[in-house]
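This is input_11.txt. It holds compact mmCIF, N, CA and C atoms.
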```txt
# COMPACT_ATOMS: atom_id res chain seq x y z
N MET W 1 63.81 -6.75 -14.47
CA MET W 1 62.74 -5.79 -14.30
C MET W 1 62.08 -6.09 -12.96
N SER W 2 61.84 -5.06 -12.18
CA SER W 2 61.24 -5.27 -10.86
C SER W 2 59.75 -5.57 -11.01
N VAL W 3 59.19 -6.17 -9.98
CA VAL W 3 57.78 -6.53 -9.98
C VAL W 3 56.91 -5.28 -10.04
N THR W 4 57.30 -4.22 -9.36
CA THR W 4 56.53 -2.99 -9.36
C THR W 4 56.50 -2.37 -10.74
N ARG W 5 57.67 -2.34 -11.40
CA ARG W 5 57.73 -1.76 -12.74
C ARG W 5 56.93 -2.60 -13.73
N PHE W 6 57.01 -3.94 -13.61
CA PHE W 6 56.26 -4.83 -14.48
C PHE W 6 54.76 -4.61 -14.28
N SER W 7 54.33 -4.45 -13.02
CA SER W 7 52.91 -4.21 -12.72
C SER W 7 52.43 -2.90 -13.33
N LEU W 8 53.28 -1.88 -13.25
CA LEU W 8 52.93 -0.58 -13.81
C LEU W 8 52.78 -0.66 -15.32
N ILE W 9 53.73 -1.29 -15.97
CA ILE W 9 53.68 -1.42 -17.44
C ILE W 9 52.47 -2.25 -17.85
N SER W 10 52.19 -3.32 -17.13
CA SER W 10 51.02 -4.17 -17.45
C SER W 10 49.72 -3.38 -17.28
N SER W 11 49.66 -2.60 -16.22
CA SER W 11 48.46 -1.80 -15.98
C SER W 11 48.25 -0.77 -17.07
N LEU W 12 49.32 -0.11 -17.50
CA LEU W 12 49.22 0.87 -18.58
C LEU W 12 48.79 0.22 -19.89
N ALA W 13 49.31 -0.97 -20.16
CA ALA W 13 48.94 -1.68 -21.39
C ALA W 13 47.46 -2.06 -21.37
N LEU W 14 46.98 -2.53 -20.22
CA LEU W 14 45.57 -2.87 -20.11
C LEU W 14 44.68 -1.64 -20.23
N PHE W 15 45.10 -0.53 -19.64
CA PHE W 15 44.35 0.72 -19.73
C PHE W 15 44.27 1.19 -21.17
N ALA W 16 45.37 1.13 -21.89
CA ALA W 16 45.40 1.55 -23.29
C ALA W 16 44.50 0.66 -24.13
N ALA W 17 44.50 -0.63 -23.85
CA ALA W 17 43.65 -1.56 -24.61
C ALA W 17 42.18 -1.28 -24.34
N ALA W 18 41.85 -0.94 -23.11
CA ALA W 18 40.47 -0.64 -22.76
C ALA W 18 39.98 0.64 -23.43
N CYS W 19 40.89 1.57 -23.66
CA CYS W 19 40.52 2.84 -24.28
C CYS W 19 40.43 2.76 -25.79
N ALA W 20 40.96 1.71 -26.37
CA ALA W 20 40.96 1.58 -27.82
C ALA W 20 39.53 1.43 -28.32
N THR W 21 39.24 2.06 -29.44
CA THR W 21 37.91 1.96 -30.02
C THR W 21 38.00 1.34 -31.39
N THR W 22 36.93 0.74 -31.78
CA THR W 22 36.87 0.20 -33.13
C THR W 22 35.88 1.04 -33.91
N THR W 23 36.09 1.16 -35.17
CA THR W 23 35.15 1.90 -36.00
C THR W 23 34.21 0.91 -36.66
N GLN W 24 32.98 1.30 -36.77
CA GLN W 24 31.96 0.46 -37.39
C GLN W 24 31.11 1.37 -38.24
N ASP W 25 30.81 0.92 -39.41
CA ASP W 25 29.96 1.68 -40.30
C ASP W 25 28.58 1.80 -39.66
N THR W 26 28.09 3.03 -39.56
CA THR W 26 26.80 3.24 -38.91
C THR W 26 25.65 2.59 -39.67
N ALA W 27 25.86 2.25 -40.91
CA ALA W 27 24.82 1.57 -41.67
C ALA W 27 24.60 0.16 -41.14
N ASP W 28 25.61 -0.40 -40.45
CA ASP W 28 25.48 -1.75 -39.90
C ASP W 28 24.70 -1.78 -38.59
N ILE W 29 24.51 -0.62 -37.98
CA ILE W 29 23.82 -0.56 -36.70
C ILE W 29 22.32 -0.41 -36.96
N PRO W 30 21.53 -1.33 -36.45
CA PRO W 30 20.08 -1.21 -36.68
C PRO W 30 19.53 0.01 -35.93
N ALA W 31 18.61 0.68 -36.59
CA ALA W 31 17.98 1.86 -35.99
C ALA W 31 17.06 1.40 -34.86
N LYS W 32 17.09 2.12 -33.76
CA LYS W 32 16.20 1.80 -32.64
C LYS W 32 14.85 2.45 -32.90
N THR W 33 13.83 1.66 -32.75
CA THR W 33 12.49 2.22 -32.88
C THR W 33 12.02 2.63 -31.50
N PRO W 34 11.35 3.76 -31.40
CA PRO W 34 10.88 4.18 -30.08
C PRO W 34 9.88 3.18 -29.53
N SER W 35 9.97 2.94 -28.24
CA SER W 35 9.03 2.01 -27.63
C SER W 35 7.66 2.67 -27.51
N ALA W 36 6.68 1.83 -27.54
CA ALA W 36 5.30 2.33 -27.41
C ALA W 36 5.11 2.88 -26.01
N PRO W 37 4.33 3.94 -25.88
CA PRO W 37 4.08 4.47 -24.54
C PRO W 37 3.40 3.42 -23.66
N ALA W 38 3.72 3.45 -22.41
CA ALA W 38 3.12 2.49 -21.48
C ALA W 38 1.62 2.75 -21.35
N ALA W 39 0.89 1.69 -21.17
CA ALA W 39 -0.55 1.83 -20.97
C ALA W 39 -0.78 2.54 -19.64
N PRO W 40 -1.79 3.39 -19.57
CA PRO W 40 -2.05 4.08 -18.31
C PRO W 40 -2.36 3.09 -17.20
N VAL W 41 -1.91 3.41 -16.01
CA VAL W 41 -2.17 2.54 -14.87
C VAL W 41 -3.66 2.58 -14.52
N TYR W 42 -4.22 3.78 -14.48
CA TYR W 42 -5.66 3.96 -14.20
C TYR W 42 -6.23 4.94 -15.21
N VAL W 43 -7.51 4.83 -15.46
CA VAL W 43 -8.24 5.82 -16.26
C VAL W 43 -9.48 6.21 -15.46
N LEU W 44 -9.96 7.40 -15.71
CA LEU W 44 -11.08 7.94 -14.94
C LEU W 44 -12.30 7.02 -14.97
N SER W 45 -12.55 6.41 -16.10
CA SER W 45 -13.73 5.54 -16.22
C SER W 45 -13.65 4.33 -15.28
N ASP W 46 -12.41 3.95 -14.85
CA ASP W 46 -12.26 2.86 -13.88
C ASP W 46 -12.85 3.25 -12.52
N LEU W 47 -12.84 4.55 -12.23
CA LEU W 47 -13.21 5.03 -10.90
C LEU W 47 -14.63 5.57 -10.82
N GLN W 48 -15.10 6.18 -11.88
CA GLN W 48 -16.41 6.84 -11.85
C GLN W 48 -17.51 5.85 -11.51
N GLY W 49 -18.25 6.15 -10.45
CA GLY W 49 -19.36 5.30 -10.04
C GLY W 49 -18.96 4.02 -9.33
N ALA W 50 -17.66 3.81 -9.08
CA ALA W 50 -17.21 2.60 -8.40
C ALA W 50 -17.65 2.62 -6.94
N ASN W 51 -17.91 1.43 -6.39
CA ASN W 51 -18.27 1.35 -4.97
C ASN W 51 -17.00 1.19 -4.13
N SER W 52 -17.16 1.17 -2.83
CA SER W 52 -16.02 1.11 -1.92
C SER W 52 -15.16 -0.14 -2.14
N ALA W 53 -15.79 -1.27 -2.35
CA ALA W 53 -15.05 -2.52 -2.55
C ALA W 53 -14.22 -2.47 -3.83
N THR W 54 -14.80 -1.94 -4.90
CA THR W 54 -14.07 -1.82 -6.16
C THR W 54 -12.87 -0.90 -6.00
N LEU W 55 -13.06 0.22 -5.28
CA LEU W 55 -11.93 1.12 -5.03
C LEU W 55 -10.83 0.41 -4.27
N GLY W 56 -11.20 -0.36 -3.26
CA GLY W 56 -10.21 -1.10 -2.49
C GLY W 56 -9.44 -2.08 -3.35
N ASP W 57 -10.16 -2.78 -4.24
CA ASP W 57 -9.49 -3.73 -5.14
C ASP W 57 -8.55 -3.02 -6.11
N LEU W 58 -8.96 -1.85 -6.57
CA LEU W 58 -8.20 -1.13 -7.58
C LEU W 58 -7.04 -0.34 -6.99
N LEU W 59 -7.30 0.40 -5.92
CA LEU W 59 -6.30 1.33 -5.39
C LEU W 59 -5.69 0.90 -4.06
N GLY W 60 -6.25 -0.10 -3.42
CA GLY W 60 -5.76 -0.50 -2.11
C GLY W 60 -6.32 0.39 -1.02
N GLU W 61 -5.66 0.38 0.12
CA GLU W 61 -6.10 1.18 1.25
C GLU W 61 -5.75 2.65 1.03
N PRO W 62 -6.67 3.55 1.31
CA PRO W 62 -6.35 4.98 1.19
C PRO W 62 -5.39 5.42 2.29
N ALA W 63 -4.64 6.46 2.01
CA ALA W 63 -3.75 7.03 3.02
C ALA W 63 -4.56 7.72 4.11
N LEU W 64 -5.75 8.19 3.75
CA LEU W 64 -6.62 8.88 4.70
C LEU W 64 -8.07 8.65 4.30
N THR W 65 -8.91 8.37 5.28
CA THR W 65 -10.35 8.27 5.07
C THR W 65 -11.02 9.14 6.12
N ARG W 66 -11.97 9.94 5.67
CA ARG W 66 -12.70 10.82 6.60
C ARG W 66 -14.17 10.80 6.20
N ARG W 67 -15.02 10.56 7.17
CA ARG W 67 -16.46 10.58 6.92
C ARG W 67 -17.02 11.93 7.34
N GLU W 68 -17.85 12.49 6.47
CA GLU W 68 -18.51 13.77 6.76
C GLU W 68 -19.96 13.65 6.34
N GLY W 69 -20.84 13.59 7.32
CA GLY W 69 -22.25 13.39 7.01
C GLY W 69 -22.44 12.05 6.32
N ASN W 70 -23.12 12.06 5.17
CA ASN W 70 -23.30 10.83 4.39
C ASN W 70 -22.13 10.54 3.46
N GLY W 71 -21.26 11.52 3.30
CA GLY W 71 -20.15 11.37 2.36
C GLY W 71 -18.90 10.79 2.99
N GLU W 72 -17.99 10.40 2.14
CA GLU W 72 -16.72 9.85 2.57
C GLU W 72 -15.61 10.44 1.69
N TYR W 73 -14.57 10.95 2.33
CA TYR W 73 -13.41 11.53 1.65
C TYR W 73 -12.29 10.51 1.75
N ARG W 74 -11.66 10.20 0.61
CA ARG W 74 -10.52 9.30 0.60
C ARG W 74 -9.36 9.95 -0.14
N ARG W 75 -8.18 9.78 0.42
CA ARG W 75 -6.96 10.31 -0.22
C ARG W 75 -6.01 9.15 -0.46
N TYR W 76 -5.54 9.04 -1.72
CA TYR W 76 -4.62 7.98 -2.12
C TYR W 76 -3.32 8.61 -2.60
N ALA W 77 -2.20 8.10 -2.13
CA ALA W 77 -0.89 8.57 -2.57
C ALA W 77 -0.47 7.76 -3.79
N LEU W 78 -0.43 8.41 -4.95
CA LEU W 78 0.04 7.75 -6.16
C LEU W 78 1.49 8.16 -6.42
N THR W 79 2.08 7.69 -7.50
CA THR W 79 3.50 7.94 -7.73
C THR W 79 3.83 9.40 -8.00
N THR W 80 2.96 10.13 -8.70
CA THR W 80 3.28 11.51 -9.06
C THR W 80 2.32 12.53 -8.48
N CYS W 81 1.30 12.08 -7.77
CA CYS W 81 0.29 12.99 -7.27
C CYS W 81 -0.49 12.34 -6.14
N THR W 82 -1.41 13.10 -5.61
CA THR W 82 -2.34 12.59 -4.61
C THR W 82 -3.73 12.59 -5.23
N LEU W 83 -4.41 11.48 -5.10
CA LEU W 83 -5.74 11.32 -5.68
C LEU W 83 -6.77 11.50 -4.57
N ILE W 84 -7.73 12.39 -4.81
CA ILE W 84 -8.81 12.65 -3.87
C ILE W 84 -10.10 12.08 -4.45
N ILE W 85 -10.77 11.25 -3.68
CA ILE W 85 -12.03 10.64 -4.14
C ILE W 85 -13.10 10.89 -3.08
N ILE W 86 -14.24 11.38 -3.53
CA ILE W 86 -15.38 11.63 -2.67
C ILE W 86 -16.47 10.62 -3.02
N LEU W 87 -16.97 9.94 -2.04
CA LEU W 87 -18.05 8.97 -2.23
C LEU W 87 -19.32 9.48 -1.55
N TYR W 88 -20.44 9.24 -2.19
CA TYR W 88 -21.75 9.54 -1.60
C TYR W 88 -22.64 8.34 -1.84
N PRO W 89 -23.62 8.11 -0.96
CA PRO W 89 -24.52 6.98 -1.16
C PRO W 89 -25.44 7.22 -2.36
N ASP W 90 -25.66 6.15 -3.12
CA ASP W 90 -26.61 6.23 -4.23
C ASP W 90 -28.02 6.03 -3.69
N GLU W 91 -29.02 5.90 -4.56
CA GLU W 91 -30.42 5.76 -4.13
C GLU W 91 -30.66 4.48 -3.32
N MET W 92 -29.75 3.51 -3.41
CA MET W 92 -29.87 2.28 -2.64
C MET W 92 -29.04 2.34 -1.35
N GLY W 93 -28.34 3.46 -1.12
CA GLY W 93 -27.53 3.62 0.07
C GLY W 93 -26.10 3.11 -0.05
N VAL W 94 -25.70 2.69 -1.24
CA VAL W 94 -24.35 2.17 -1.48
C VAL W 94 -23.40 3.33 -1.76
N GLN W 95 -22.30 3.40 -1.00
CA GLN W 95 -21.30 4.45 -1.23
C GLN W 95 -20.65 4.25 -2.60
N LYS W 96 -20.73 5.30 -3.44
CA LYS W 96 -20.15 5.24 -4.78
C LYS W 96 -19.36 6.51 -5.05
N VAL W 97 -18.39 6.40 -5.95
CA VAL W 97 -17.55 7.55 -6.30
C VAL W 97 -18.42 8.61 -6.95
N ALA W 98 -18.38 9.81 -6.38
CA ALA W 98 -19.13 10.94 -6.91
C ALA W 98 -18.19 11.99 -7.51
N GLN W 99 -16.95 12.05 -7.01
CA GLN W 99 -16.00 13.05 -7.50
C GLN W 99 -14.58 12.51 -7.38
N VAL W 100 -13.76 12.82 -8.38
CA VAL W 100 -12.35 12.43 -8.39
C VAL W 100 -11.54 13.67 -8.75
N ASP W 101 -10.46 13.90 -8.01
CA ASP W 101 -9.60 15.05 -8.28
C ASP W 101 -8.16 14.67 -7.96
N ALA W 102 -7.24 15.40 -8.55
CA ALA W 102 -5.82 15.19 -8.30
C ALA W 102 -5.23 16.43 -7.66
N THR W 103 -4.34 16.23 -6.72
CA THR W 103 -3.62 17.33 -6.11
C THR W 103 -2.13 17.00 -6.13
N ALA W 104 -1.34 18.03 -5.93
CA ALA W 104 0.12 17.85 -5.90
C ALA W 104 0.52 17.13 -4.62
N THR W 105 1.67 16.48 -4.66
CA THR W 105 2.14 15.77 -3.48
C THR W 105 2.79 16.71 -2.47
N THR W 106 3.17 17.91 -2.91
CA THR W 106 3.72 18.92 -2.00
C THR W 106 2.98 20.23 -2.21
N SER W 107 2.94 21.06 -1.19
CA SER W 107 2.16 22.29 -1.25
C SER W 107 2.72 23.33 -2.22
N ASN W 108 4.00 23.23 -2.57
CA ASN W 108 4.59 24.23 -3.47
C ASN W 108 4.57 23.80 -4.94
N ALA W 109 3.99 22.65 -5.25
CA ALA W 109 3.94 22.16 -6.63
C ALA W 109 2.61 22.56 -7.28
N ASP W 110 2.62 22.62 -8.61
CA ASP W 110 1.41 22.93 -9.36
C ASP W 110 0.43 21.77 -9.30
N LYS W 111 -0.85 22.09 -9.43
CA LYS W 111 -1.90 21.06 -9.45
C LYS W 111 -1.72 20.22 -10.71
N PRO W 112 -1.63 18.90 -10.57
CA PRO W 112 -1.44 18.06 -11.74
C PRO W 112 -2.74 17.83 -12.51
N ASP W 113 -2.61 17.47 -13.75
CA ASP W 113 -3.74 17.09 -14.58
C ASP W 113 -4.25 15.73 -14.09
N LEU W 114 -5.54 15.59 -13.93
CA LEU W 114 -6.13 14.36 -13.40
C LEU W 114 -5.78 13.15 -14.26
N ASP W 115 -5.93 13.27 -15.58
CA ASP W 115 -5.64 12.13 -16.46
C ASP W 115 -4.17 11.73 -16.39
N ASP W 116 -3.26 12.70 -16.31
CA ASP W 116 -1.83 12.40 -16.19
C ASP W 116 -1.54 11.71 -14.86
N CYS W 117 -2.18 12.19 -13.80
CA CYS W 117 -2.01 11.60 -12.48
C CYS W 117 -2.46 10.13 -12.48
N LEU W 118 -3.62 9.87 -13.02
CA LEU W 118 -4.15 8.51 -13.08
C LEU W 118 -3.29 7.62 -13.96
N ALA W 119 -2.84 8.14 -15.09
CA ALA W 119 -2.05 7.35 -16.02
C ALA W 119 -0.71 6.91 -15.41
N ALA W 120 -0.11 7.79 -14.61
CA ALA W 120 1.17 7.47 -13.98
C ALA W 120 1.02 6.44 -12.86
N GLY W 121 -0.16 6.44 -12.24
CA GLY W 121 -0.43 5.48 -11.18
C GLY W 121 0.18 5.78 -9.87
```

Structure translated into structure tokens:
Amino acid sequence: MSVTRFSLISSLALFAAACATTTQDTADIPAKTPSAPAAPVYVLSDLQGANSATLGDLLGEPALTRREGNGEYRRYALTTCTLIIILYPDEMGVQKVAQVDATATTSNADKPDLDDCLAAG
């Protein structure tokens, strides 16, 4: 028998063995339980009233910061959306979160739900 023919026969035998299946009673297979949903990355209460330092610790550097009058606009790029945060000074002059909103990451996408945006992180 030539080496080429022997190689071909060996390859076919290995292929057939790889395709062989075994039967197993499905009662022996443990049922998979669905995994618990992941905890949200952020929740709105984490952000409401937070100062600039807390925002930096929580969200890192914003993709964009713009000051307008006494207010400050910050935009953060999250995994599924863009987070918009507006800060205004409180009665002591400390910049604090006054408004939080979510926008789509592209102009042709629908506006995302704020809680879903925060939860995805």

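Picture a line from CA of Ala98 in chain W to CA of Ile85 in chain W; it runs 7.6 Å.
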
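Coordinates place atom C of Ile84 in chain W at a distance of 11.4 Å from CA of Cys117 in chain W.
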
| task | Grab the atom C of Leu47 in chain W to CA of Gln99 in chain W distance for me, in Å with one decimal place. | result | 8.3 Å

| task | With a distance cut-off of 8 Å and only N, CA and C atoms, select the neighbouring residues of range 106-110 of chain W, excluding the residue or stretch itself and same-chain residues fewer than 6 positions from it, and output the selection as a list of chain:residue names. | result | W:Thr80, W:Cys81, W:Thr82

| request: Could you check which of W:Leu118, W:Leu44, W:Leu58, W:Ala50 is closest to Lys96 in chain W, using only N, CA and C atoms? | output: W:Ala50

| said: I'd like to know which of W:Thr105, W:Gln95, W:Thr54, W:Gln48 is closest to Gly71 in chain W, using only C-alpha atoms. | reply: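 Going through W:Thr105, W:Gln95, W:Thr54, W:Gln48 one by one, the smallest distance to Gly71 in chain W is for W:Gln95.
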
| query | Which one is closest to Pro112 in chain W: W:Asp46, W:Leu83, W:Val94, W:Leu64? Count only C-alpha atoms. | reply | W:Leu83

| request: Can you work out which one of W:Gly121, W:Asp113, W:Asp90, W:Ala53 has the shortest atom-to-atom distance to Ala77 in chain W, counting all atoms listed in the file? | output: W:Gly121

| Can you find the residues with an atom no farther than 8 Å from (-8.7, 4.1, 0.1), counting all atoms listed in the file, and report them as a VMD selection string? | chain W and resid 55 to 56 59 to 65 73 to 77

| Hey, which of W:Asp115, W:Ile86, W:Asn51, W:Thr79 ends up closest to Arg67 in chain W? Count only C-alpha atoms. | W:Ile86
